[in-house]
Each structure stands twice: as C-alpha cells, then as structure tokens.
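All remarks here apply to the structure that follows.
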Amino acid sequence: MRFAPLLLLLLTLPLRAVDGLVVYPPVPGLAASSHYQVRVRSVGNGSEWQSAFAWQTECQTEEGYFDTLAGWTHTYVNFETSGAVEIEISRVNGPPIRSAAAHPQRQASVCSVKNGKAFVKLDKPCLVAVDIDGQMDGQDTGKGYKGPPIHTISLFANPPLKNKPSPDGPGVRTVKPGEKPPADGDWSTLYFLPGVHDIAAAFPVSANRQYYIPGDAMVYGSFCHPEWENSHDIRIFGHGTLSGAKLKHANALKKLFSGKTKGSRKPIEIFGATDTQVEGITIADSASHSLMLIHPYKAGHPNEVKWTKIFTWRANGDGINPFGNTLIEDCFIRTQDDSLYVNGLGIRRCVLWNDANGSSFVLSSVPNLDGRKLIVEDCDVIYSRAKWHHWNGGRIFNMRGEGESNGGAGVIFRNINIEDPRPTLQQFFICMTVPKPYGDGKRGPGDLSGILFQNISIAAPSVLGEPQLLWGQPDARIRNLTFENLTLGGKPVSGSEFFKTNEFVDRLIFAPTPVSKP
C-alpha cells in the first residue's frame with residue numbers, strides 16, 4: 001500500500017514538461033483521431049518533437065444531429081505552453097497535405113506545408129483552427145452542400161494551468177476509470193484519473209468544491225446543480241474532455257421514453273452560480289446547451305469561463321449563455337446552434353464557428369446597463385455557414401424577433417473580425433420583427449438603442465446575396481446605433497445605405513475611424 005501514492009503520481013504525470021511546454025499522453029482506453037496526428041515542440045533551444053494525443057469528435061446519424069453534417073469530424077489537441085511553439089500536422093492515412101491555413105489568421109505567425117505535412121507556429125498561447133486542403137476556405141459548405149464529410153482540426157495552445165491538484169494532495173479524492181464518483185464526502189477536489197469515465201446525466205456539483213479533468217481523461221456525462229443554494233465557489237477545470245456523446249438528445253428521448261427525460265443533458269448547468277469558474281476543459285458533442293452559469297448580475301461575485309472549448313453537432317447544441325453574472329474569455333466555440341448570448345460581464349478573445357444553424361452573437365437578451373458597460377471585444381468569427389436560407393437563425397449579430405424591453409445602452413462590440421470568405425447569410429440581422437420571407441417572429445415592446453459597433457471587419461458578403469437587415473416595429477424601434485470603422489472586404493462603410501431598413505429605424509451614426517475609445 002505504501003507505493004499507491006507514487007503509482008497515482010506516475011499515472012498523472014504529463015508526457016513531458018520542458019521549456020514551459022506540457023504535452024499530455026494518450027488517454028487510456030480512448031482511440032485517437034482517425035484523420036490527423038500532431039507533434040509539438042518549443043521554438044528554439046533545440047527542443048525535440050513530442051507527440052500530442054489527438055482527440056476526435058464526430059457528428060453521428062442519430063436523431064437530433066444535423067443530417068447534413070453526418071460523418072464530419074473535428075480533431076483537436078490540448079497542450080500547455082508559456083512561450084512560442086511549432087506544431088506539425090500530418091494525416092494518419094490518405095494523401096499528403098497540400099495546403100493549410102490557420103484561423104484566426106492573426107494568431108499564427110507561420111502556417112506552411114512541407115513534405116506533405118503542415119507546420120504552424122504560435123508565438124503565444126491561443127486557440128486556432130487549421131483548414132487542411134481548403135476543405136472550408138475553398139468551398140461553400142453551407143446551404144446545398146453535397147460533398148463528402150469534412151475533417152477539420154484545431155490546436156489549443158493553453159497557458160499553464162494554475163493550481164493543479166496532486167492526486168495525493170490534501171482534500172483530493174481520486175476517481176478511477178469505471179468507478180462511480182462520490183457526490184459528497186470529506187473531500188474538496190474530485191480528481192478524474194487518466195482514462196475514460198462515465199458520470200451519466202446530471203452529476204451533482206456543490207459549493208466550495210472543484211472538479212479536475214486532466215488532459216488524459218475523458219468524462220462522459222454532465223455536471224449540474226439544480227438548486228439556487230449551495231452553488232458558489234465551484235471550479236470545473238483541466239485540459240481533458242467532458243462529452244455528451246452518450247447522452248440522448250431530447251428528440252431521441254421522446255421516442256425512447258414517451259416524452260419522459262431524466263436528468264439534465266446540458267454538460268454544465270449550475271443554478272444560482274456565483275464565484276464559479278470553468279477553465280481549460282473541452283466540451284464535446286453536447287446533447288443540449290453546453291454551458292449555463294445561471295445568476296443575475298451580482299457585484300463582486302462574478303463567474304468566469306476561460307480557455308474553454310466547445311464542439312456541438314446537434315440541434316439546441318448552443319455554446320455559452322452567461323446570463324447576467326459571467327465573464328467569458330479566450331474560448332473556442334464551434335456550435336450547430338447559437339454560440340454566445342450577449343449578456344453578462346463581458347466577452348473577450350473568443351473564436352466562433354457555425355456550420356448549420358447558429359448565430360455568433362444572439363442579441364435577444366441584450367441588456368440596458370446602468371452605470372457600467374458590457375464589452376464584446378477582440379473576437380474572431382472564422383466560419384459562419386448555414387444549412388438553411390430563409391429563416392431567422394444563423395448570422396453574426398442576430399436579434400431574430402425575440403425578447404422584450406429596452407436594450408443596448410452601455411453595450412459595445414469592439415474589434416470583431418469576421419474572416420469567413422464564404423458566409424452563407426448576412427452578418428447583421430437585427431430584427432425586432434422578422435420580415436418575410438425569413439419568418440414571423442415579433443419582439444415584445446422596448447427599443448434597441450445606444451449600441452456601439454467599433455472596428456468591425458467583414459471579409460465577404462453573403463454568398464446568397466442576403467441584405468444586411470435592421471428592422472424595427474412601432475413599439476420596438478432601432479435607433480442611435482453607432483458604427484465606427486465598419487468595413488466590408490477592406491472597404492469602409494460610410495452610410496446607412498449599407499443596411500436594408502424600415503421606417504422604425506433611425507439615427508444611425510457612421511464614422512470612418514473610431515472617434516472614441518470607451
């Protein structure tokens with residue numbers, strides 16, 4: 001028995017930790033990506049290549065998944081670095097790689113191909129996707145796509161994770177693969193050991209506890225706290241994956257259980273959350289909305305979501321809803337429903353990607369702020385595709401005729417880079433009433449006024465020729481929107497003719513360069 005702590009320590013050591021680079025070994029019992037393999041090394045000092053475990057998530061054919069994405073995969077790797085790194089990508093099987101492009105484009109200092117392999121240099125921690133052989137950049141994958149399944153890859157260069165627990169540390173309760181984890185007990189940290197775990201739906205989390213998923217652990221199931229009490233100071237973190245792949249979508253559940261569902265299918269759903277953190281983990285194949293920390297604004301008790309990655313393939317597979325009390329920073333969100341709801345304490349440095357159904361920024365709950373600002377800044381929309389044409393979803397900035405009450409004062413979108421070369425639909429769909437032929441949604445009373453859009457760069461218009469829409473209604477007007485340095489295809493937008501509007505839209509302000517920095 002005296003060797004048990006040493007054995008636990010050996011099981012949980014990363015493959016190597018040299019020059020600030022931490023690479024995790026393969027996940028015991030989990031197959032690696034069938035499409036790509038990845039090596040990484042620190043830049044300089046003669047650092048050696050290290051193999052990084054390549055995870056894979058795949059769109060299935062079961063009800064609830066988007067049928068147009070069946071067989072699509074996304075490979076991803078997580079590692080930690082405090083400096084510049086070089087990454088090598090090669091195919092597991094198949095032809096040599098011919099071309100590669102990193103997105104967001106501004107994050108990679110080098111992206112090139114040599115001897116059938118792609119090489120990417122990242123100068124600092126960041127989250128990027130690499131388009132291989134123009135699968136995304138070189139073709140329209142939105143409405144009407146009939147081509148083969150697309151296999152994409154992301155590189156997640158995370159900053160060093162602070163306060164990692166040790167498996168034999170004080171207050172740590174380790175969980176072995178196949179073991180049922182305890183919901184309560186004399187512990188403060190639940191540590192999932194390397195391997196594959198299944199916690200099922202709605203595993204309960206509670207106050208003053210943390211849940212650690214290291215980079216070589218896969219956890220199937222969902223975390224939840226359904227009550228408004230005892231839901232503060234919770235931390236869910238690590239560089240492993242929380243997967244909903246074994247949870248049925250609501251559509252499938254209705255067929256299997258006559259409409260009765262058991263447990264939350266949302267990967268993380270915490271009611272009454274304050275002083276709560278989600279950091280570093282990957283959330284894959286969500287069976288419902290991915291991450292919900294539910295609490296109105298409460299000064300001095302913020303929630304934080306940082307360096308979290310989300311991949312979804314199903315209807316209602318939304319990304320993050322911050323409600324009123326959550327700050328979102330440095331996240332990578334590829335969803336097949338809406339990515340982010342504009343609320344909370346701020347959204348910074350996020351990478352967004354939609355393929356079938358979702359909007360990048362949902363404005364239906366955009367607040368009016370009294371004495372403070374909500375800033376959405378330095379975000380990159382790398383792909384904005386859609387399987388449908390005339391409906392009220394998709395797009396980048398979307399009101400979609402939902403919600404009610406006044407909103408917009410104190411809200412700022414700043415430094416938003418929309419770099420998709422082939423977006424399916426328009427970028428602006430700020431519709432208090434949804435006009436024909438897009439649907440018939442109608443927002444409740446209350447004007448939208450005072451939003452500042454500053455440094456918004458749009459690479460290309462809708463491939464379907466859809467117009468940019470601002471559409472008000474008599475009791476829900478759109479007014480006093482300011483556009484500073486709005487560009488399309490590198491050319492400045494200088495007037496309201498950029499938008500298609502109705503009589504309930506007025507006082508739009510345009511400036512060629514920012515005149516203020518709130």
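FYI, nothing fancy with the structure tokens labels: chains A, B, ... in order, residues from 1 per chain, ligands from 1 as they appear.
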
Test item: residues at most 7 Å from Gln37 of chain A, only C-alpha atoms, excluding those fewer than 2 positions along its chain, as a list of chain:residue names: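 The residues that qualify are A:Ala54, A:Ile89, A:Ser90, A:Arg91, A:Val92.
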
Would you mind exporting C-alpha atoms of the selected residues as a tab-separated table (two decimals), in the first residue's frame?
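Resulting contents of again.tsv:
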chain	number	residue	atom	x	y	z
A	54	ALA	CA	-5.22	13.91	-30.95
A	89	ILE	CA	0.18	18.13	-38.54
A	90	SER	CA	0.12	15.04	-40.72
A	91	ARG	CA	-2.58	12.71	-41.98
A	92	VAL	CA	-2.98	9.32	-40.34

Secondary structure check, helix (DSSP H, G or I) residues of segment 138-320 of chain A, as a list in words: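 Across segment 138-320 of chain A, those assigned helix (DSSP H, G or I) are Ala250, Asn251, Ala252, Leu253, Lys254, Lys255, Leu256 and Phe257 of chain A.
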
Among segment 2-140 of chain A, which residues does DSSP mark as strand (DSSP E) when it is run on the backbone? Keep the chain and numbering as in the structure and answer as a PDB file with N, CA and C atoms, in the first residue's frame.
ATOM      1  N   ARG A  16       5.718  15.186 -21.073  1.00  0.00           N
ATOM      2  CA  ARG A  16       6.933  15.938 -20.817  1.00  0.00           C
ATOM      3  C   ARG A  16       6.547  17.357 -20.450  1.00  0.00           C
ATOM      4  N   ALA A  17       7.376  17.988 -19.659  1.00  0.00           N
ATOM      5  CA  ALA A  17       7.177  19.392 -19.312  1.00  0.00           C
ATOM      6  C   ALA A  17       8.530  20.078 -19.410  1.00  0.00           C
ATOM      7  N   VAL A  18       8.851  20.519 -20.620  1.00  0.00           N
ATOM      8  CA  VAL A  18      10.150  21.104 -20.905  1.00  0.00           C
ATOM      9  C   VAL A  18       9.947  22.487 -21.511  1.00  0.00           C
ATOM     10  N   LEU A  21       6.545  23.820 -21.866  1.00  0.00           N
ATOM     11  CA  LEU A  21       5.614  23.066 -22.706  1.00  0.00           C
ATOM     12  C   LEU A  21       5.180  21.799 -21.982  1.00  0.00           C
ATOM     13  N   VAL A  22       3.872  21.609 -21.849  1.00  0.00           N
ATOM     14  CA  VAL A  22       3.316  20.421 -21.202  1.00  0.00           C
ATOM     15  C   VAL A  22       2.451  19.695 -22.228  1.00  0.00           C
ATOM     16  N   VAL A  23       2.833  18.479 -22.550  1.00  0.00           N
ATOM     17  CA  VAL A  23       2.096  17.653 -23.509  1.00  0.00           C
ATOM     18  C   VAL A  23       1.591  16.420 -22.784  1.00  0.00           C
ATOM     19  N   TYR A  36      -5.911  12.761 -38.248  1.00  0.00           N
ATOM     20  CA  TYR A  36      -4.697  13.578 -38.118  1.00  0.00           C
ATOM     21  C   TYR A  36      -3.886  13.142 -36.899  1.00  0.00           C
ATOM     22  N   GLN A  37      -2.592  13.333 -37.021  1.00  0.00           N
ATOM     23  CA  GLN A  37      -1.707  13.169 -35.875  1.00  0.00           C
ATOM     24  C   GLN A  37      -0.863  14.434 -35.742  1.00  0.00           C
ATOM     25  N   VAL A  38      -0.465  14.736 -34.515  1.00  0.00           N
ATOM     26  CA  VAL A  38       0.119  16.036 -34.213  1.00  0.00           C
ATOM     27  C   VAL A  38       1.367  15.858 -33.348  1.00  0.00           C
ATOM     28  N   ARG A  39       2.390  16.647 -33.676  1.00  0.00           N
ATOM     29  CA  ARG A  39       3.564  16.761 -32.812  1.00  0.00           C
ATOM     30  C   ARG A  39       3.790  18.236 -32.508  1.00  0.00           C
ATOM     31  N   VAL A  40       4.407  18.512 -31.365  1.00  0.00           N
ATOM     32  CA  VAL A  40       4.623  19.897 -30.954  1.00  0.00           C
ATOM     33  C   VAL A  40       5.988  20.010 -30.282  1.00  0.00           C
ATOM     34  N   ARG A  41       6.600  21.176 -30.421  1.00  0.00           N
ATOM     35  CA  ARG A  41       7.868  21.443 -29.738  1.00  0.00           C
ATOM     36  C   ARG A  41       7.979  22.933 -29.457  1.00  0.00           C
ATOM     37  N   SER A  42       8.760  23.259 -28.439  1.00  0.00           N
ATOM     38  CA  SER A  42       9.052  24.663 -28.163  1.00  0.00           C
ATOM     39  C   SER A  42       9.957  25.214 -29.247  1.00  0.00           C
ATOM     40  N   GLN A  50       7.427  16.345 -29.647  1.00  0.00           N
ATOM     41  CA  GLN A  50       6.673  15.481 -28.753  1.00  0.00           C
ATOM     42  C   GLN A  50       5.318  15.172 -29.381  1.00  0.00           C
ATOM     43  N   SER A  51       4.910  13.940 -29.335  1.00  0.00           N
ATOM     44  CA  SER A  51       3.603  13.555 -29.861  1.00  0.00           C
ATOM     45  C   SER A  51       2.510  13.996 -28.900  1.00  0.00           C
ATOM     46  N   ALA A  52       1.505  14.651 -29.433  1.00  0.00           N
ATOM     47  CA  ALA A  52       0.360  15.082 -28.637  1.00  0.00           C
ATOM     48  C   ALA A  52      -0.836  14.207 -28.971  1.00  0.00           C
ATOM     49  N   TRP A  55      -7.448  14.147 -30.032  1.00  0.00           N
ATOM     50  CA  TRP A  55      -8.823  13.771 -29.757  1.00  0.00           C
ATOM     51  C   TRP A  55      -9.658  13.924 -31.027  1.00  0.00           C
ATOM     52  N   GLN A  56     -10.820  13.289 -31.043  1.00  0.00           N
ATOM     53  CA  GLN A  56     -11.715  13.437 -32.185  1.00  0.00           C
ATOM     54  C   GLN A  56     -13.173  13.410 -31.729  1.00  0.00           C
ATOM     55  N   THR A  57     -13.953  14.338 -32.236  1.00  0.00           N
ATOM     56  CA  THR A  57     -15.398  14.318 -32.052  1.00  0.00           C
ATOM     57  C   THR A  57     -16.050  14.221 -33.427  1.00  0.00           C
ATOM     58  N   GLU A  58     -17.170  13.496 -33.507  1.00  0.00           N
ATOM     59  CA  GLU A  58     -17.778  13.196 -34.805  1.00  0.00           C
ATOM     60  C   GLU A  58     -19.276  13.384 -34.761  1.00  0.00           C
ATOM     61  N   THR A  73     -15.943  15.301 -38.849  1.00  0.00           N
ATOM     62  CA  THR A  73     -15.171  15.152 -37.619  1.00  0.00           C
ATOM     63  C   THR A  73     -14.391  16.423 -37.327  1.00  0.00           C
ATOM     64  N   HIS A  74     -14.020  16.555 -36.070  1.00  0.00           N
ATOM     65  CA  HIS A  74     -13.099  17.618 -35.672  1.00  0.00           C
ATOM     66  C   HIS A  74     -12.059  16.999 -34.746  1.00  0.00           C
ATOM     67  N   THR A  75     -10.824  17.088 -35.163  1.00  0.00           N
ATOM     68  CA  THR A  75      -9.684  16.655 -34.355  1.00  0.00           C
ATOM     69  C   THR A  75      -9.182  17.849 -33.549  1.00  0.00           C
ATOM     70  N   TYR A  76      -8.748  17.592 -32.314  1.00  0.00           N
ATOM     71  CA  TYR A  76      -8.204  18.695 -31.513  1.00  0.00           C
ATOM     72  C   TYR A  76      -7.140  18.175 -30.556  1.00  0.00           C
ATOM     73  N   VAL A  77      -6.204  19.035 -30.249  1.00  0.00           N
ATOM     74  CA  VAL A  77      -5.167  18.720 -29.275  1.00  0.00           C
ATOM     75  C   VAL A  77      -5.098  19.841 -28.246  1.00  0.00           C
ATOM     76  N   ASN A  78      -4.846  19.474 -27.008  1.00  0.00           N
ATOM     77  CA  ASN A  78      -4.638  20.428 -25.926  1.00  0.00           C
ATOM     78  C   ASN A  78      -3.241  20.246 -25.353  1.00  0.00           C
ATOM     79  N   PHE A  79      -2.535  21.329 -25.210  1.00  0.00           N
ATOM     80  CA  PHE A  79      -1.255  21.309 -24.500  1.00  0.00           C
ATOM     81  C   PHE A  79      -1.076  22.660 -23.831  1.00  0.00           C
ATOM     82  N   GLU A  80      -0.090  22.750 -22.963  1.00  0.00           N
ATOM     83  CA  GLU A  80       0.183  23.998 -22.255  1.00  0.00           C
ATOM     84  C   GLU A  80       1.532  24.557 -22.693  1.00  0.00           C
ATOM     85  N   VAL A  85       5.598  28.051 -29.822  1.00  0.00           N
ATOM     86  CA  VAL A  85       5.651  26.631 -30.158  1.00  0.00           C
ATOM     87  C   VAL A  85       5.499  26.451 -31.662  1.00  0.00           C
ATOM     88  N   GLU A  86       6.003  25.310 -32.132  1.00  0.00           N
ATOM     89  CA  GLU A  86       5.789  24.880 -33.513  1.00  0.00           C
ATOM     90  C   GLU A  86       5.012  23.578 -33.480  1.00  0.00           C
ATOM     91  N   ILE A  87       4.017  23.464 -34.354  1.00  0.00           N
ATOM     92  CA  ILE A  87       3.164  22.273 -34.393  1.00  0.00           C
ATOM     93  C   ILE A  87       3.236  21.654 -35.781  1.00  0.00           C
ATOM     94  N   GLU A  88       3.368  20.347 -35.812  1.00  0.00           N
ATOM     95  CA  GLU A  88       3.383  19.584 -37.065  1.00  0.00           C
ATOM     96  C   GLU A  88       2.092  18.767 -37.156  1.00  0.00           C
ATOM     97  N   ILE A  89       1.404  18.887 -38.298  1.00  0.00           N
ATOM     98  CA  ILE A  89       0.179  18.131 -38.539  1.00  0.00           C
ATOM     99  C   ILE A  89       0.393  17.220 -39.737  1.00  0.00           C
ATOM    100  N   SER A  90       0.043  15.964 -39.592  1.00  0.00           N
ATOM    101  CA  SER A  90       0.118  15.037 -40.724  1.00  0.00           C
ATOM    102  C   SER A  90      -1.130  14.162 -40.732  1.00  0.00           C
ATOM    103  N   ARG A  91      -1.439  13.617 -41.888  1.00  0.00           N
ATOM    104  CA  ARG A  91      -2.580  12.715 -41.985  1.00  0.00           C
ATOM    105  C   ARG A  91      -2.209  11.338 -41.445  1.00  0.00           C
ATOM    106  N   ALA A 100      -2.534  24.503 -46.211  1.00  0.00           N
ATOM    107  CA  ALA A 100      -3.020  24.702 -44.847  1.00  0.00           C
ATOM    108  C   ALA A 100      -3.162  26.193 -44.592  1.00  0.00           C
ATOM    109  N   ALA A 101      -4.193  26.553 -43.839  1.00  0.00           N
ATOM    110  CA  ALA A 101      -4.417  27.956 -43.474  1.00  0.00           C
ATOM    111  C   ALA A 101      -4.917  27.999 -42.040  1.00  0.00           C
ATOM    112  N   ALA A 102      -4.272  28.809 -41.217  1.00  0.00           N
ATOM    113  CA  ALA A 102      -4.638  28.919 -39.808  1.00  0.00           C
ATOM    114  C   ALA A 102      -5.675  30.024 -39.620  1.00  0.00           C
ATOM    115  N   HIS A 103      -6.621  29.778 -38.713  1.00  0.00           N
ATOM    116  CA  HIS A 103      -7.659  30.748 -38.373  1.00  0.00           C
ATOM    117  C   HIS A 103      -7.849  30.761 -36.856  1.00  0.00           C
ATOM    118  N   ALA A 108      -1.513  32.979 -35.969  1.00  0.00           N
ATOM    119  CA  ALA A 108      -0.376  32.141 -36.363  1.00  0.00           C
ATOM    120  C   ALA A 108       0.655  32.985 -37.100  1.00  0.00           C
ATOM    121  N   SER A 109       1.898  32.984 -36.624  1.00  0.00           N
ATOM    122  CA  SER A 109       2.955  33.732 -37.316  1.00  0.00           C
ATOM    123  C   SER A 109       3.464  32.983 -38.534  1.00  0.00           C
ATOM    124  N   VAL A 110       3.294  31.658 -38.546  1.00  0.00           N
ATOM    125  CA  VAL A 110       3.698  30.831 -39.691  1.00  0.00           C
ATOM    126  C   VAL A 110       2.660  29.735 -39.875  1.00  0.00           C
ATOM    127  N   CYS A 111       2.275  29.497 -41.122  1.00  0.00           N
ATOM    128  CA  CYS A 111       1.471  28.329 -41.469  1.00  0.00           C
ATOM    129  C   CYS A 111       1.885  27.917 -42.872  1.00  0.00           C
ATOM    130  N   SER A 112       2.531  26.771 -42.988  1.00  0.00           N
ATOM    131  CA  SER A 112       3.088  26.353 -44.268  1.00  0.00           C
ATOM    132  C   SER A 112       3.009  24.834 -44.393  1.00  0.00           C
ATOM    133  N   VAL A 113       3.302  24.364 -45.604  1.00  0.00           N
ATOM    134  CA  VAL A 113       3.289  22.924 -45.874  1.00  0.00           C
ATOM    135  C   VAL A 113       4.642  22.517 -46.437  1.00  0.00           C
ATOM    136  N   LYS A 114       5.173  21.431 -45.915  1.00  0.00           N
ATOM    137  CA  LYS A 114       6.450  20.898 -46.392  1.00  0.00           C
ATOM    138  C   LYS A 114       6.411  19.381 -46.311  1.00  0.00           C
ATOM    139  N   LYS A 117       3.258  17.712 -44.953  1.00  0.00           N
ATOM    140  CA  LYS A 117       2.847  17.994 -43.585  1.00  0.00           C
ATOM    141  C   LYS A 117       2.652  19.500 -43.415  1.00  0.00           C
ATOM    142  N   ALA A 118       1.735  19.864 -42.522  1.00  0.00           N
ATOM    143  CA  ALA A 118       1.501  21.277 -42.221  1.00  0.00           C
ATOM    144  C   ALA A 118       2.288  21.662 -40.977  1.00  0.00           C
ATOM    145  N   PHE A 119       2.838  22.874 -41.002  1.00  0.00           N
ATOM    146  CA  PHE A 119       3.601  23.385 -39.869  1.00  0.00           C
ATOM    147  C   PHE A 119       3.017  24.744 -39.467  1.00  0.00           C
ATOM    148  N   VAL A 120       2.725  24.874 -38.177  1.00  0.00           N
ATOM    149  CA  VAL A 120       2.120  26.098 -37.653  1.00  0.00           C
ATOM    150  C   VAL A 120       2.977  26.593 -36.489  1.00  0.00           C
ATOM    151  N   LYS A 121       3.278  27.888 -36.518  1.00  0.00           N
ATOM    152  CA  LYS A 121       3.994  28.492 -35.398  1.00  0.00           C
ATOM    153  C   LYS A 121       3.067  29.443 -34.667  1.00  0.00           C
ATOM    154  N   LEU A 122       2.980  29.261 -33.355  1.00  0.00           N
ATOM    155  CA  LEU A 122       2.185  30.129 -32.492  1.00  0.00           C
ATOM    156  C   LEU A 122       3.132  30.799 -31.506  1.00  0.00           C
ATOM    157  N   CYS A 126      -2.863  30.508 -27.544  1.00  0.00           N
ATOM    158  CA  CYS A 126      -4.030  30.916 -28.329  1.00  0.00           C
ATOM    159  C   CYS A 126      -4.739  29.657 -28.815  1.00  0.00           C
ATOM    160  N   LEU A 127      -5.928  29.856 -29.376  1.00  0.00           N
ATOM    161  CA  LEU A 127      -6.763  28.761 -29.852  1.00  0.00           C
ATOM    162  C   LEU A 127      -7.014  28.961 -31.341  1.00  0.00           C
ATOM    163  N   VAL A 128      -6.576  28.007 -32.164  1.00  0.00           N
ATOM    164  CA  VAL A 128      -6.701  28.179 -33.606  1.00  0.00           C
ATOM    165  C   VAL A 128      -7.243  26.920 -34.258  1.00  0.00           C
ATOM    166  N   ALA A 129      -7.799  27.110 -35.443  1.00  0.00           N
ATOM    167  CA  ALA A 129      -8.167  26.011 -36.334  1.00  0.00           C
ATOM    168  C   ALA A 129      -7.241  26.068 -37.538  1.00  0.00           C
ATOM    169  N   VAL A 130      -7.008  24.931 -38.151  1.00  0.00           N
ATOM    170  CA  VAL A 130      -6.189  24.875 -39.355  1.00  0.00           C
ATOM    171  C   VAL A 130      -7.001  24.193 -40.451  1.00  0.00           C
ATOM    172  N   ASP A 131      -7.271  24.947 -41.508  1.00  0.00           N
ATOM    173  CA  ASP A 131      -8.015  24.387 -42.638  1.00  0.00           C
ATOM    174  C   ASP A 131      -7.051  23.610 -43.518  1.00  0.00           C
ATOM    175  N   ILE A 132      -7.292  22.330 -43.665  1.00  0.00           N
ATOM    176  CA  ILE A 132      -6.422  21.447 -44.445  1.00  0.00           C
ATOM    177  C   ILE A 132      -6.989  21.278 -45.848  1.00  0.00           C
TER     178      ILE A 132
END

Who sits within 10 Å of Tyr145 of chain A, only C-alpha atoms, same chain under 5 positions skipped, as a ChimeraX atom specification: /A:68-69,139-140,386-387

Could you produce a table of the residues of segment 105-183 of chain A lying within 12 Å of segment 416-420 of chain A, with the nearest pair of atoms per residue and their separation in Å rounded to one decimal, using only C-alpha atoms, ordered by chain and increasing residue number, as a tab-separated table?
residue	atom	partner	partner_atom	distance
A:Gln105	CA	A:Glu419	CA	8.2
A:Arg106	CA	A:Asn417	CA	9.8
A:Asp131	CA	A:Asp420	CA	11.8
A:Met136	CA	A:Asp420	CA	9.1
A:Asp137	CA	A:Asp420	CA	7.6
A:Gly138	CA	A:Asp420	CA	10.6
A:Gln139	CA	A:Asp420	CA	11.1
A:Asp140	CA	A:Asp420	CA	10.4
A:Thr141	CA	A:Asp420	CA	11.4
A:Gly142	CA	A:Asp420	CA	11.8

Keeping N, CA and C atoms, export the residues of the selection given above as an mmCIF file, in the first residue's frame.
data_model
loop_
_atom_site.group_PDB
_atom_site.id
_atom_site.type_symbol
_atom_site.label_atom_id
_atom_site.label_comp_id
_atom_site.auth_asym_id
_atom_site.auth_seq_id
_atom_site.Cartn_x
_atom_site.Cartn_y
_atom_site.Cartn_z
ATOM 1 N N GLN A 105 -6.547 34.225 -38.602
ATOM 2 C CA GLN A 105 -5.320 34.446 -39.353
ATOM 3 C C GLN A 105 -4.280 35.215 -38.550
ATOM 4 N N ARG A 106 -4.730 36.108 -37.670
ATOM 5 C CA ARG A 106 -3.792 36.950 -36.931
ATOM 6 C C ARG A 106 -3.077 36.213 -35.804
ATOM 7 N N ASP A 131 -7.271 24.947 -41.508
ATOM 8 C CA ASP A 131 -8.015 24.387 -42.638
ATOM 9 C C ASP A 131 -7.051 23.610 -43.518
ATOM 10 N N MET A 136 -12.658 23.998 -45.891
ATOM 11 C CA MET A 136 -13.598 25.047 -45.500
ATOM 12 C C MET A 136 -13.409 26.311 -46.329
ATOM 13 N N ASP A 137 -12.182 26.762 -46.483
ATOM 14 C CA ASP A 137 -11.926 28.028 -47.170
ATOM 15 C C ASP A 137 -12.221 27.957 -48.662
ATOM 16 N N GLY A 138 -12.011 26.798 -49.257
ATOM 17 C CA GLY A 138 -12.059 26.692 -50.704
ATOM 18 C C GLY A 138 -13.393 26.302 -51.289
ATOM 19 N N GLN A 139 -14.425 26.109 -50.437
ATOM 20 C CA GLN A 139 -15.719 25.717 -50.972
ATOM 21 C C GLN A 139 -16.828 26.203 -50.035
ATOM 22 N N ASP A 140 -18.007 26.324 -50.602
ATOM 23 C CA ASP A 140 -19.180 26.719 -49.839
ATOM 24 C C ASP A 140 -19.761 25.475 -49.183
ATOM 25 N N THR A 141 -19.651 25.398 -47.848
ATOM 26 C CA THR A 141 -20.140 24.217 -47.128
ATOM 27 C C THR A 141 -21.508 24.452 -46.499
ATOM 28 N N GLY A 142 -22.146 25.576 -46.820
ATOM 29 C CA GLY A 142 -23.453 25.888 -46.256
ATOM 30 C C GLY A 142 -24.588 25.288 -47.059
#

Residue among A:Trp72, A:Phe428, A:Phe53, A:Trp353 lying closest to Pro149 of chain A, counting only C-alpha atoms: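 Among the listed residues, A:Trp72 lies closest to Pro149 of chain A.
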